[in-house]
file entry-v4.cif (mmCIF, N, CA and C atoms)
data_run
#
loop_
_atom_site.label_atom_id
_atom_site.label_comp_id
_atom_site.auth_asym_id
_atom_site.auth_seq_id
_atom_site.Cartn_x
_atom_site.Cartn_y
_atom_site.Cartn_z
N MET A 171 -6.72 -0.11 12.11
CA MET A 171 -5.72 -1.15 12.07
C MET A 171 -4.37 -0.52 12.44
N LYS A 172 -3.65 -1.18 13.30
CA LYS A 172 -2.35 -0.67 13.75
C LYS A 172 -1.22 -1.48 13.11
N ILE A 173 -0.28 -0.78 12.51
CA ILE A 173 0.86 -1.41 11.87
C ILE A 173 1.92 -1.69 12.94
N VAL A 174 2.30 -2.96 13.10
CA VAL A 174 3.23 -3.34 14.16
C VAL A 174 4.54 -3.93 13.64
N LYS A 175 4.58 -4.31 12.36
CA LYS A 175 5.80 -4.88 11.78
C LYS A 175 5.77 -4.63 10.28
N THR A 176 6.79 -5.08 9.59
CA THR A 176 6.86 -4.90 8.14
C THR A 176 5.99 -5.93 7.43
N GLY A 177 5.24 -5.46 6.43
CA GLY A 177 4.43 -6.33 5.59
C GLY A 177 4.72 -6.03 4.13
N ILE A 178 4.87 -7.06 3.33
CA ILE A 178 5.21 -6.90 1.91
C ILE A 178 4.22 -7.69 1.07
N ALA A 179 3.86 -7.11 -0.09
CA ALA A 179 3.01 -7.80 -1.06
C ALA A 179 3.33 -7.30 -2.46
N GLY A 180 3.19 -8.17 -3.43
CA GLY A 180 3.41 -7.78 -4.81
C GLY A 180 4.74 -8.24 -5.35
N SER A 181 5.08 -7.72 -6.54
CA SER A 181 6.34 -8.09 -7.18
C SER A 181 6.82 -6.93 -8.05
N LEU A 182 7.96 -7.12 -8.66
CA LEU A 182 8.50 -6.11 -9.56
C LEU A 182 8.27 -6.49 -11.02
N GLU A 183 7.32 -7.39 -11.24
CA GLU A 183 6.95 -7.78 -12.59
C GLU A 183 6.17 -6.67 -13.27
N SER A 184 6.14 -6.67 -14.57
CA SER A 184 5.37 -5.70 -15.33
C SER A 184 3.90 -5.76 -14.93
N SER A 185 3.26 -4.62 -14.81
CA SER A 185 1.84 -4.48 -14.45
C SER A 185 1.55 -4.85 -13.00
N ASP A 186 2.56 -4.82 -12.14
CA ASP A 186 2.38 -5.10 -10.73
C ASP A 186 3.00 -3.96 -9.93
N VAL A 187 2.89 -4.07 -8.62
CA VAL A 187 3.49 -3.09 -7.71
C VAL A 187 3.97 -3.82 -6.47
N LEU A 188 5.17 -3.48 -6.03
CA LEU A 188 5.71 -4.05 -4.80
C LEU A 188 5.43 -3.05 -3.69
N VAL A 189 4.63 -3.47 -2.70
CA VAL A 189 4.24 -2.59 -1.60
C VAL A 189 4.88 -3.10 -0.32
N THR A 190 5.52 -2.18 0.39
CA THR A 190 6.08 -2.48 1.70
C THR A 190 5.44 -1.53 2.70
N VAL A 191 4.85 -2.08 3.75
CA VAL A 191 4.22 -1.27 4.80
C VAL A 191 5.03 -1.47 6.08
N ASN A 192 5.43 -0.35 6.69
CA ASN A 192 6.22 -0.38 7.92
C ASN A 192 5.56 0.48 8.99
N PRO A 193 5.87 0.20 10.25
CA PRO A 193 5.44 1.12 11.30
C PRO A 193 6.10 2.48 11.04
N PRO A 194 5.41 3.56 11.31
CA PRO A 194 5.97 4.88 11.00
C PRO A 194 7.01 5.33 12.03
N GLU A 195 7.94 6.16 11.57
CA GLU A 195 8.89 6.78 12.49
C GLU A 195 8.26 7.99 13.17
N GLU A 196 7.25 8.57 12.53
CA GLU A 196 6.50 9.69 13.09
C GLU A 196 5.03 9.50 12.75
N PRO A 197 4.12 10.12 13.49
CA PRO A 197 2.69 9.93 13.25
C PRO A 197 2.28 10.36 11.84
N GLY A 198 1.26 9.70 11.33
CA GLY A 198 0.71 10.04 10.03
C GLY A 198 1.07 9.02 8.98
N ILE A 199 0.71 9.35 7.75
CA ILE A 199 0.96 8.49 6.60
C ILE A 199 2.09 9.10 5.78
N GLN A 200 3.12 8.31 5.54
CA GLN A 200 4.20 8.71 4.65
C GLN A 200 4.23 7.73 3.48
N ILE A 201 4.33 8.27 2.27
CA ILE A 201 4.33 7.44 1.07
C ILE A 201 5.57 7.74 0.25
N ASP A 202 6.36 6.69 -0.03
CA ASP A 202 7.50 6.78 -0.92
C ASP A 202 7.11 6.05 -2.20
N LEU A 203 6.97 6.78 -3.29
CA LEU A 203 6.48 6.21 -4.54
C LEU A 203 7.55 6.28 -5.62
N GLU A 204 7.85 5.13 -6.20
CA GLU A 204 8.71 5.04 -7.38
C GLU A 204 7.87 4.44 -8.49
N SER A 205 7.85 5.11 -9.63
CA SER A 205 7.05 4.62 -10.74
C SER A 205 7.59 5.16 -12.06
N ALA A 206 7.58 4.32 -13.07
CA ALA A 206 7.98 4.75 -14.41
C ALA A 206 6.95 5.70 -15.00
N VAL A 207 5.74 5.68 -14.47
CA VAL A 207 4.66 6.52 -14.99
C VAL A 207 4.22 7.56 -13.96
N ILE A 208 5.14 7.99 -13.12
CA ILE A 208 4.78 8.90 -12.03
C ILE A 208 4.25 10.24 -12.54
N LYS A 209 4.78 10.72 -13.66
CA LYS A 209 4.32 12.00 -14.19
C LYS A 209 2.88 11.92 -14.67
N GLN A 210 2.49 10.79 -15.25
CA GLN A 210 1.13 10.63 -15.75
C GLN A 210 0.16 10.20 -14.66
N PHE A 211 0.58 9.32 -13.76
CA PHE A 211 -0.35 8.68 -12.84
C PHE A 211 0.02 8.80 -11.36
N GLY A 212 1.04 9.57 -11.03
CA GLY A 212 1.47 9.69 -9.64
C GLY A 212 0.37 10.15 -8.71
N LYS A 213 -0.39 11.17 -9.10
CA LYS A 213 -1.48 11.67 -8.25
C LYS A 213 -2.55 10.60 -8.04
N GLN A 214 -2.87 9.86 -9.09
CA GLN A 214 -3.88 8.81 -9.00
C GLN A 214 -3.40 7.67 -8.09
N ILE A 215 -2.14 7.29 -8.22
CA ILE A 215 -1.60 6.22 -7.37
C ILE A 215 -1.65 6.65 -5.90
N ARG A 216 -1.27 7.87 -5.62
CA ARG A 216 -1.30 8.39 -4.24
C ARG A 216 -2.74 8.45 -3.71
N ARG A 217 -3.68 8.85 -4.58
CA ARG A 217 -5.09 8.92 -4.17
C ARG A 217 -5.62 7.53 -3.82
N VAL A 218 -5.35 6.55 -4.67
CA VAL A 218 -5.78 5.18 -4.43
C VAL A 218 -5.14 4.66 -3.14
N THR A 219 -3.89 4.97 -2.93
CA THR A 219 -3.18 4.54 -1.72
C THR A 219 -3.85 5.10 -0.47
N ARG A 220 -4.11 6.40 -0.47
CA ARG A 220 -4.74 7.03 0.70
C ARG A 220 -6.16 6.52 0.93
N GLU A 221 -6.93 6.34 -0.14
CA GLU A 221 -8.29 5.81 0.00
C GLU A 221 -8.28 4.41 0.59
N THR A 222 -7.34 3.59 0.16
CA THR A 222 -7.24 2.22 0.65
C THR A 222 -6.87 2.21 2.13
N LEU A 223 -5.92 3.04 2.51
CA LEU A 223 -5.53 3.13 3.92
C LEU A 223 -6.68 3.64 4.78
N GLU A 224 -7.43 4.60 4.26
CA GLU A 224 -8.58 5.13 4.99
C GLU A 224 -9.64 4.05 5.19
N ALA A 225 -9.89 3.25 4.16
CA ALA A 225 -10.88 2.17 4.26
C ALA A 225 -10.45 1.12 5.29
N LEU A 226 -9.13 0.93 5.45
CA LEU A 226 -8.61 -0.02 6.42
C LEU A 226 -8.43 0.60 7.80
N GLU A 227 -8.77 1.87 7.92
CA GLU A 227 -8.65 2.63 9.17
C GLU A 227 -7.21 2.66 9.68
N ILE A 228 -6.28 2.86 8.74
CA ILE A 228 -4.87 3.01 9.07
C ILE A 228 -4.54 4.49 9.06
N THR A 229 -4.07 5.00 10.18
CA THR A 229 -3.76 6.42 10.29
C THR A 229 -2.26 6.70 10.41
N ASP A 230 -1.48 5.67 10.75
CA ASP A 230 -0.04 5.83 10.92
C ASP A 230 0.69 4.68 10.23
N ALA A 231 1.45 5.01 9.18
CA ALA A 231 2.21 3.98 8.46
C ALA A 231 3.18 4.63 7.50
N PHE A 232 4.24 3.90 7.19
CA PHE A 232 5.16 4.30 6.14
C PHE A 232 5.03 3.28 5.02
N LEU A 233 4.69 3.75 3.83
CA LEU A 233 4.51 2.86 2.68
C LEU A 233 5.55 3.16 1.61
N SER A 234 6.09 2.11 1.06
CA SER A 234 6.98 2.21 -0.09
C SER A 234 6.31 1.46 -1.23
N LEU A 235 6.10 2.14 -2.35
CA LEU A 235 5.49 1.52 -3.51
C LEU A 235 6.46 1.60 -4.68
N GLN A 236 6.76 0.45 -5.28
CA GLN A 236 7.57 0.39 -6.48
C GLN A 236 6.65 -0.10 -7.59
N ASP A 237 6.13 0.85 -8.35
CA ASP A 237 5.09 0.57 -9.34
C ASP A 237 5.70 0.24 -10.69
N LYS A 238 5.15 -0.79 -11.31
CA LYS A 238 5.55 -1.20 -12.65
C LYS A 238 4.35 -1.17 -13.59
N GLY A 239 3.48 -0.17 -13.40
CA GLY A 239 2.33 -0.01 -14.27
C GLY A 239 1.08 -0.75 -13.82
N ALA A 240 0.93 -0.90 -12.50
CA ALA A 240 -0.22 -1.63 -11.96
C ALA A 240 -1.52 -0.84 -12.11
N LEU A 241 -2.61 -1.55 -12.30
CA LEU A 241 -3.94 -0.95 -12.31
C LEU A 241 -4.35 -0.60 -10.88
N ASP A 242 -5.34 0.27 -10.74
CA ASP A 242 -5.82 0.68 -9.42
C ASP A 242 -6.23 -0.52 -8.56
N SER A 243 -6.91 -1.48 -9.16
CA SER A 243 -7.37 -2.65 -8.40
C SER A 243 -6.19 -3.47 -7.87
N THR A 244 -5.13 -3.54 -8.63
CA THR A 244 -3.93 -4.26 -8.19
C THR A 244 -3.26 -3.51 -7.05
N ILE A 245 -3.19 -2.19 -7.17
CA ILE A 245 -2.59 -1.37 -6.12
C ILE A 245 -3.36 -1.57 -4.81
N ARG A 246 -4.69 -1.50 -4.88
CA ARG A 246 -5.51 -1.71 -3.69
C ARG A 246 -5.26 -3.08 -3.06
N ALA A 247 -5.28 -4.10 -3.88
CA ALA A 247 -5.10 -5.47 -3.38
C ALA A 247 -3.73 -5.65 -2.72
N ARG A 248 -2.70 -5.11 -3.32
CA ARG A 248 -1.35 -5.23 -2.76
C ARG A 248 -1.23 -4.45 -1.44
N ILE A 249 -1.82 -3.27 -1.38
CA ILE A 249 -1.77 -2.49 -0.13
C ILE A 249 -2.52 -3.23 0.97
N GLU A 250 -3.70 -3.76 0.65
CA GLU A 250 -4.47 -4.49 1.66
C GLU A 250 -3.69 -5.70 2.18
N ALA A 251 -3.10 -6.48 1.27
CA ALA A 251 -2.36 -7.66 1.68
C ALA A 251 -1.16 -7.29 2.56
N ALA A 252 -0.40 -6.30 2.14
CA ALA A 252 0.77 -5.87 2.92
C ALA A 252 0.35 -5.30 4.27
N ALA A 253 -0.75 -4.56 4.31
CA ALA A 253 -1.22 -3.96 5.56
C ALA A 253 -1.67 -5.04 6.55
N TYR A 254 -2.41 -6.03 6.07
CA TYR A 254 -2.84 -7.12 6.96
C TYR A 254 -1.64 -7.86 7.52
N ARG A 255 -0.64 -8.09 6.69
CA ARG A 255 0.59 -8.74 7.15
C ARG A 255 1.31 -7.87 8.17
N ALA A 256 1.38 -6.57 7.90
CA ALA A 256 2.07 -5.63 8.80
C ALA A 256 1.35 -5.46 10.12
N ALA A 257 0.06 -5.71 10.13
CA ALA A 257 -0.72 -5.61 11.37
C ALA A 257 -0.76 -6.94 12.12
N GLY A 258 -0.20 -7.98 11.52
CA GLY A 258 -0.18 -9.29 12.17
C GLY A 258 -1.54 -9.97 12.15
N ILE A 259 -2.38 -9.62 11.20
CA ILE A 259 -3.72 -10.19 11.10
C ILE A 259 -3.69 -11.33 10.09
N GLY A 260 -4.05 -12.51 10.53
CA GLY A 260 -4.01 -13.69 9.68
C GLY A 260 -5.30 -13.99 8.95
N ARG A 261 -6.38 -13.35 9.37
CA ARG A 261 -7.68 -13.61 8.74
C ARG A 261 -8.11 -12.35 8.00
N TYR A 262 -8.41 -12.51 6.74
CA TYR A 262 -8.79 -11.39 5.88
C TYR A 262 -10.28 -11.10 6.00
N ARG A 263 -10.63 -9.83 6.05
CA ARG A 263 -12.03 -9.39 6.13
C ARG A 263 -12.53 -9.15 4.70
N TRP A 264 -13.22 -10.12 4.14
CA TRP A 264 -13.71 -10.01 2.76
C TRP A 264 -14.84 -9.01 2.67
N ARG A 265 -14.80 -8.21 1.62
CA ARG A 265 -15.88 -7.25 1.36
C ARG A 265 -16.82 -7.82 0.32
N ARG A 266 -18.06 -7.40 0.40
CA ARG A 266 -19.06 -7.85 -0.60
C ARG A 266 -19.33 -6.75 -1.58
#

call {"tool": "encode", "arguments": {"input": "entry-v4.cif", "output": "C-alpha coordinates"}}
result
Amino acid sequence: MKIVKTGIAGSLESSDVLVTVNPPEEPGIQIDLESAVIKQFGKQIRRVTRETLEALEITDAFLSLQDKGALDSTIRARIEAAAYRAAGIGRYRWRR
(Lines of atoms letter the chains of each structure in order from A and count residues from 1; the text may use other names and numbers.)
(Lines give C-alpha, C1' and ligand atoms only; values in the text may rest on other atoms or scores of the structure.)
Protein backbone atom coordinates (compact mmCIF):
# COMPACT_ATOMS: atom_id res chain seq x y z
CA MET A 1 0.00 0.00 0.00
CA LYS A 2 1.37 3.41 -0.93
CA ILE A 3 0.74 6.42 1.28
CA VAL A 4 -0.22 9.40 -0.89
CA LYS A 5 -1.84 11.86 1.53
CA THR A 6 -2.53 12.41 5.22
CA GLY A 7 -4.86 9.98 6.98
CA ILE A 8 -6.13 10.34 10.54
CA ALA A 9 -8.02 7.98 12.84
CA GLY A 10 -8.78 7.85 16.54
CA SER A 11 -9.17 10.44 19.27
CA LEU A 12 -7.46 11.84 22.33
CA GLU A 13 -10.01 10.24 24.65
CA SER A 14 -8.87 7.93 27.44
CA SER A 15 -8.06 4.39 26.22
CA ASP A 16 -7.72 5.54 22.60
CA VAL A 17 -4.92 6.63 20.29
CA LEU A 18 -4.84 9.37 17.67
CA VAL A 19 -2.94 8.10 14.62
CA THR A 20 -1.79 10.32 11.78
CA VAL A 21 -0.21 8.70 8.71
CA ASN A 22 1.67 10.90 6.23
CA PRO A 23 3.76 10.31 3.13
CA PRO A 24 7.38 10.07 4.27
CA GLU A 25 10.01 12.75 3.72
CA GLU A 26 12.57 9.95 3.31
CA PRO A 27 12.24 6.23 2.54
CA GLY A 28 11.30 3.84 5.32
CA ILE A 29 9.07 3.92 8.37
CA GLN A 30 9.34 6.75 10.86
CA ILE A 31 7.32 6.64 14.07
CA ASP A 32 6.74 9.58 16.41
CA LEU A 33 5.20 8.21 19.61
CA GLU A 34 3.78 10.22 22.50
CA SER A 35 2.35 8.22 25.37
CA ALA A 36 1.79 8.61 29.09
CA VAL A 37 2.83 4.96 29.43
CA ILE A 38 5.81 5.02 27.07
CA LYS A 39 8.23 3.69 29.70
CA GLN A 40 6.06 0.64 30.38
CA PHE A 41 4.62 -0.03 26.92
CA GLY A 42 6.60 1.98 24.36
CA LYS A 43 8.36 -1.08 22.90
CA GLN A 44 5.06 -2.96 22.63
CA ILE A 45 3.30 -0.04 20.94
CA ARG A 46 6.14 0.27 18.40
CA ARG A 47 6.08 -3.51 17.78
CA VAL A 48 2.31 -3.51 17.17
CA THR A 49 2.72 -0.49 14.88
CA ARG A 50 5.43 -2.15 12.77
CA GLU A 51 3.54 -5.47 12.58
CA THR A 52 0.40 -3.67 11.42
CA LEU A 53 2.29 -1.74 8.75
CA GLU A 54 3.98 -4.94 7.59
CA ALA A 55 0.61 -6.71 7.30
CA LEU A 56 -0.65 -3.79 5.17
CA GLU A 57 2.52 -3.97 3.04
CA ILE A 58 3.45 -0.37 3.87
CA THR A 59 7.18 0.22 3.57
CA ASP A 60 7.34 4.04 3.49
CA ALA A 61 5.35 6.24 5.88
CA PHE A 62 5.59 8.74 8.70
CA LEU A 63 3.32 7.91 11.64
CA SER A 64 2.45 10.06 14.60
CA LEU A 65 0.77 8.28 17.50
CA GLN A 66 -0.66 10.11 20.51
CA ASP A 67 -1.53 7.28 22.87
CA LYS A 68 -3.91 7.62 25.78
CA GLY A 69 -3.65 4.03 27.03
CA ALA A 70 -5.07 2.18 24.03
CA LEU A 71 -5.08 -1.62 23.85
CA ASP A 72 -3.15 -3.36 21.07
CA SER A 73 -6.36 -4.10 19.15
CA THR A 74 -7.32 -0.42 19.22
CA ILE A 75 -3.86 0.62 18.04
CA ARG A 76 -4.09 -1.83 15.12
CA ALA A 77 -7.58 -0.67 14.14
CA ARG A 78 -6.62 3.02 14.24
CA ILE A 79 -3.45 2.44 12.18
CA GLU A 80 -5.38 0.44 9.59
CA ALA A 81 -8.10 3.10 9.29
CA ALA A 82 -5.60 5.96 9.01
CA ALA A 83 -3.48 4.03 6.49
CA TYR A 84 -6.44 3.24 4.23
CA ARG A 85 -7.43 6.91 4.32
CA ALA A 86 -3.83 7.98 3.61
CA ALA A 87 -3.66 5.61 0.65
CA GLY A 88 -6.93 6.95 -0.76
CA ILE A 89 -8.59 3.53 -0.53
CA GLY A 90 -12.32 3.72 0.09
CA ARG A 91 -13.03 0.01 0.37
CA TYR A 92 -11.73 -1.88 3.38
CA ARG A 93 -10.25 -5.37 2.98
CA TRP A 94 -11.88 -7.34 5.82
CA ARG A 95 -9.89 -10.17 7.34
CA ARG A 96 -11.41 -13.41 8.56

call {"tool": "resolve_selection", "arguments": {"input": "entry-v4.cif", "expression": "the PyMOL selection byres (((chain A and resi 194 and name CA) around 9) and name CA)", "output": "PDB file with N, CA and C atoms, in the frame of the given file"}}
result
ATOM      1  N   ILE A 173      -0.280  -0.780  12.510  1.00  0.00           N
ATOM      2  CA  ILE A 173       0.860  -1.410  11.870  1.00  0.00           C
ATOM      3  C   ILE A 173       1.920  -1.690  12.940  1.00  0.00           C
ATOM      4  N   VAL A 191       4.850  -2.080   3.750  1.00  0.00           N
ATOM      5  CA  VAL A 191       4.220  -1.270   4.800  1.00  0.00           C
ATOM      6  C   VAL A 191       5.030  -1.470   6.080  1.00  0.00           C
ATOM      7  N   ASN A 192       5.430  -0.350   6.690  1.00  0.00           N
ATOM      8  CA  ASN A 192       6.220  -0.380   7.920  1.00  0.00           C
ATOM      9  C   ASN A 192       5.560   0.480   8.990  1.00  0.00           C
ATOM     10  N   PRO A 193       5.870   0.200  10.250  1.00  0.00           N
ATOM     11  CA  PRO A 193       5.440   1.120  11.300  1.00  0.00           C
ATOM     12  C   PRO A 193       6.100   2.480  11.040  1.00  0.00           C
ATOM     13  N   GLU A 195       7.940   6.160  11.570  1.00  0.00           N
ATOM     14  CA  GLU A 195       8.890   6.780  12.490  1.00  0.00           C
ATOM     15  C   GLU A 195       8.260   7.990  13.170  1.00  0.00           C
ATOM     16  N   GLU A 196       7.250   8.570  12.530  1.00  0.00           N
ATOM     17  CA  GLU A 196       6.500   9.690  13.090  1.00  0.00           C
ATOM     18  C   GLU A 196       5.030   9.500  12.750  1.00  0.00           C
ATOM     19  N   PRO A 197       4.120  10.120  13.490  1.00  0.00           N
ATOM     20  CA  PRO A 197       2.690   9.930  13.250  1.00  0.00           C
ATOM     21  C   PRO A 197       2.280  10.360  11.840  1.00  0.00           C
ATOM     22  N   GLY A 198       1.260   9.700  11.330  1.00  0.00           N
ATOM     23  CA  GLY A 198       0.710  10.040  10.030  1.00  0.00           C
ATOM     24  C   GLY A 198       1.070   9.020   8.980  1.00  0.00           C
ATOM     25  N   ILE A 199       0.710   9.350   7.750  1.00  0.00           N
ATOM     26  CA  ILE A 199       0.960   8.490   6.600  1.00  0.00           C
ATOM     27  C   ILE A 199       2.090   9.100   5.780  1.00  0.00           C
ATOM     28  N   GLN A 200       3.120   8.310   5.540  1.00  0.00           N
ATOM     29  CA  GLN A 200       4.200   8.710   4.650  1.00  0.00           C
ATOM     30  C   GLN A 200       4.230   7.730   3.480  1.00  0.00           C
ATOM     31  N   ASP A 230      -1.480   5.670  10.750  1.00  0.00           N
ATOM     32  CA  ASP A 230      -0.040   5.830  10.920  1.00  0.00           C
ATOM     33  C   ASP A 230       0.690   4.680  10.230  1.00  0.00           C
ATOM     34  N   ALA A 231       1.450   5.010   9.180  1.00  0.00           N
ATOM     35  CA  ALA A 231       2.210   3.980   8.460  1.00  0.00           C
ATOM     36  C   ALA A 231       3.180   4.630   7.500  1.00  0.00           C
ATOM     37  N   PHE A 232       4.240   3.900   7.190  1.00  0.00           N
ATOM     38  CA  PHE A 232       5.160   4.300   6.140  1.00  0.00           C
ATOM     39  C   PHE A 232       5.030   3.280   5.020  1.00  0.00           C
ATOM     40  N   LEU A 233       4.690   3.750   3.830  1.00  0.00           N
ATOM     41  CA  LEU A 233       4.510   2.860   2.680  1.00  0.00           C
ATOM     42  C   LEU A 233       5.550   3.160   1.610  1.00  0.00           C
TER      43      LEU A 233
END

call {"tool": "axis_aligned_box", "arguments": {"input": "entry-v4.cif", "around": "stretch 180-196 of chain A", "padding_each_side": "6 Å", "output": "JSON"}}
result
{"center_x": 5.2, "center_y": 0.7, "center_z": -1.1, "size_x": 19.3, "size_y": 29.9, "size_z": 40.5}

call {"tool": "atom_distance", "arguments": {"input": "entry-v4.cif", "atom1": "atom N of A:Gly212", "atom2": "atom N of A:Glu227"}}
result
22.7 Å

call {"tool": "select_by_dssp", "arguments": {"input": "entry-v4.cif", "residues": "chain A", "states": "strand (DSSP E)", "output": "PyMOL selection string"}}
result
chain A and resi 177-179+187-192+199-205+231-237

call {"tool": "select_by_dssp", "arguments": {"input": "entry-v4.cif", "residues": "chain A", "states": "alpha helix (DSSP H)", "output": "PyMOL selection string"}}
result
chain A and resi 208-225+242-256
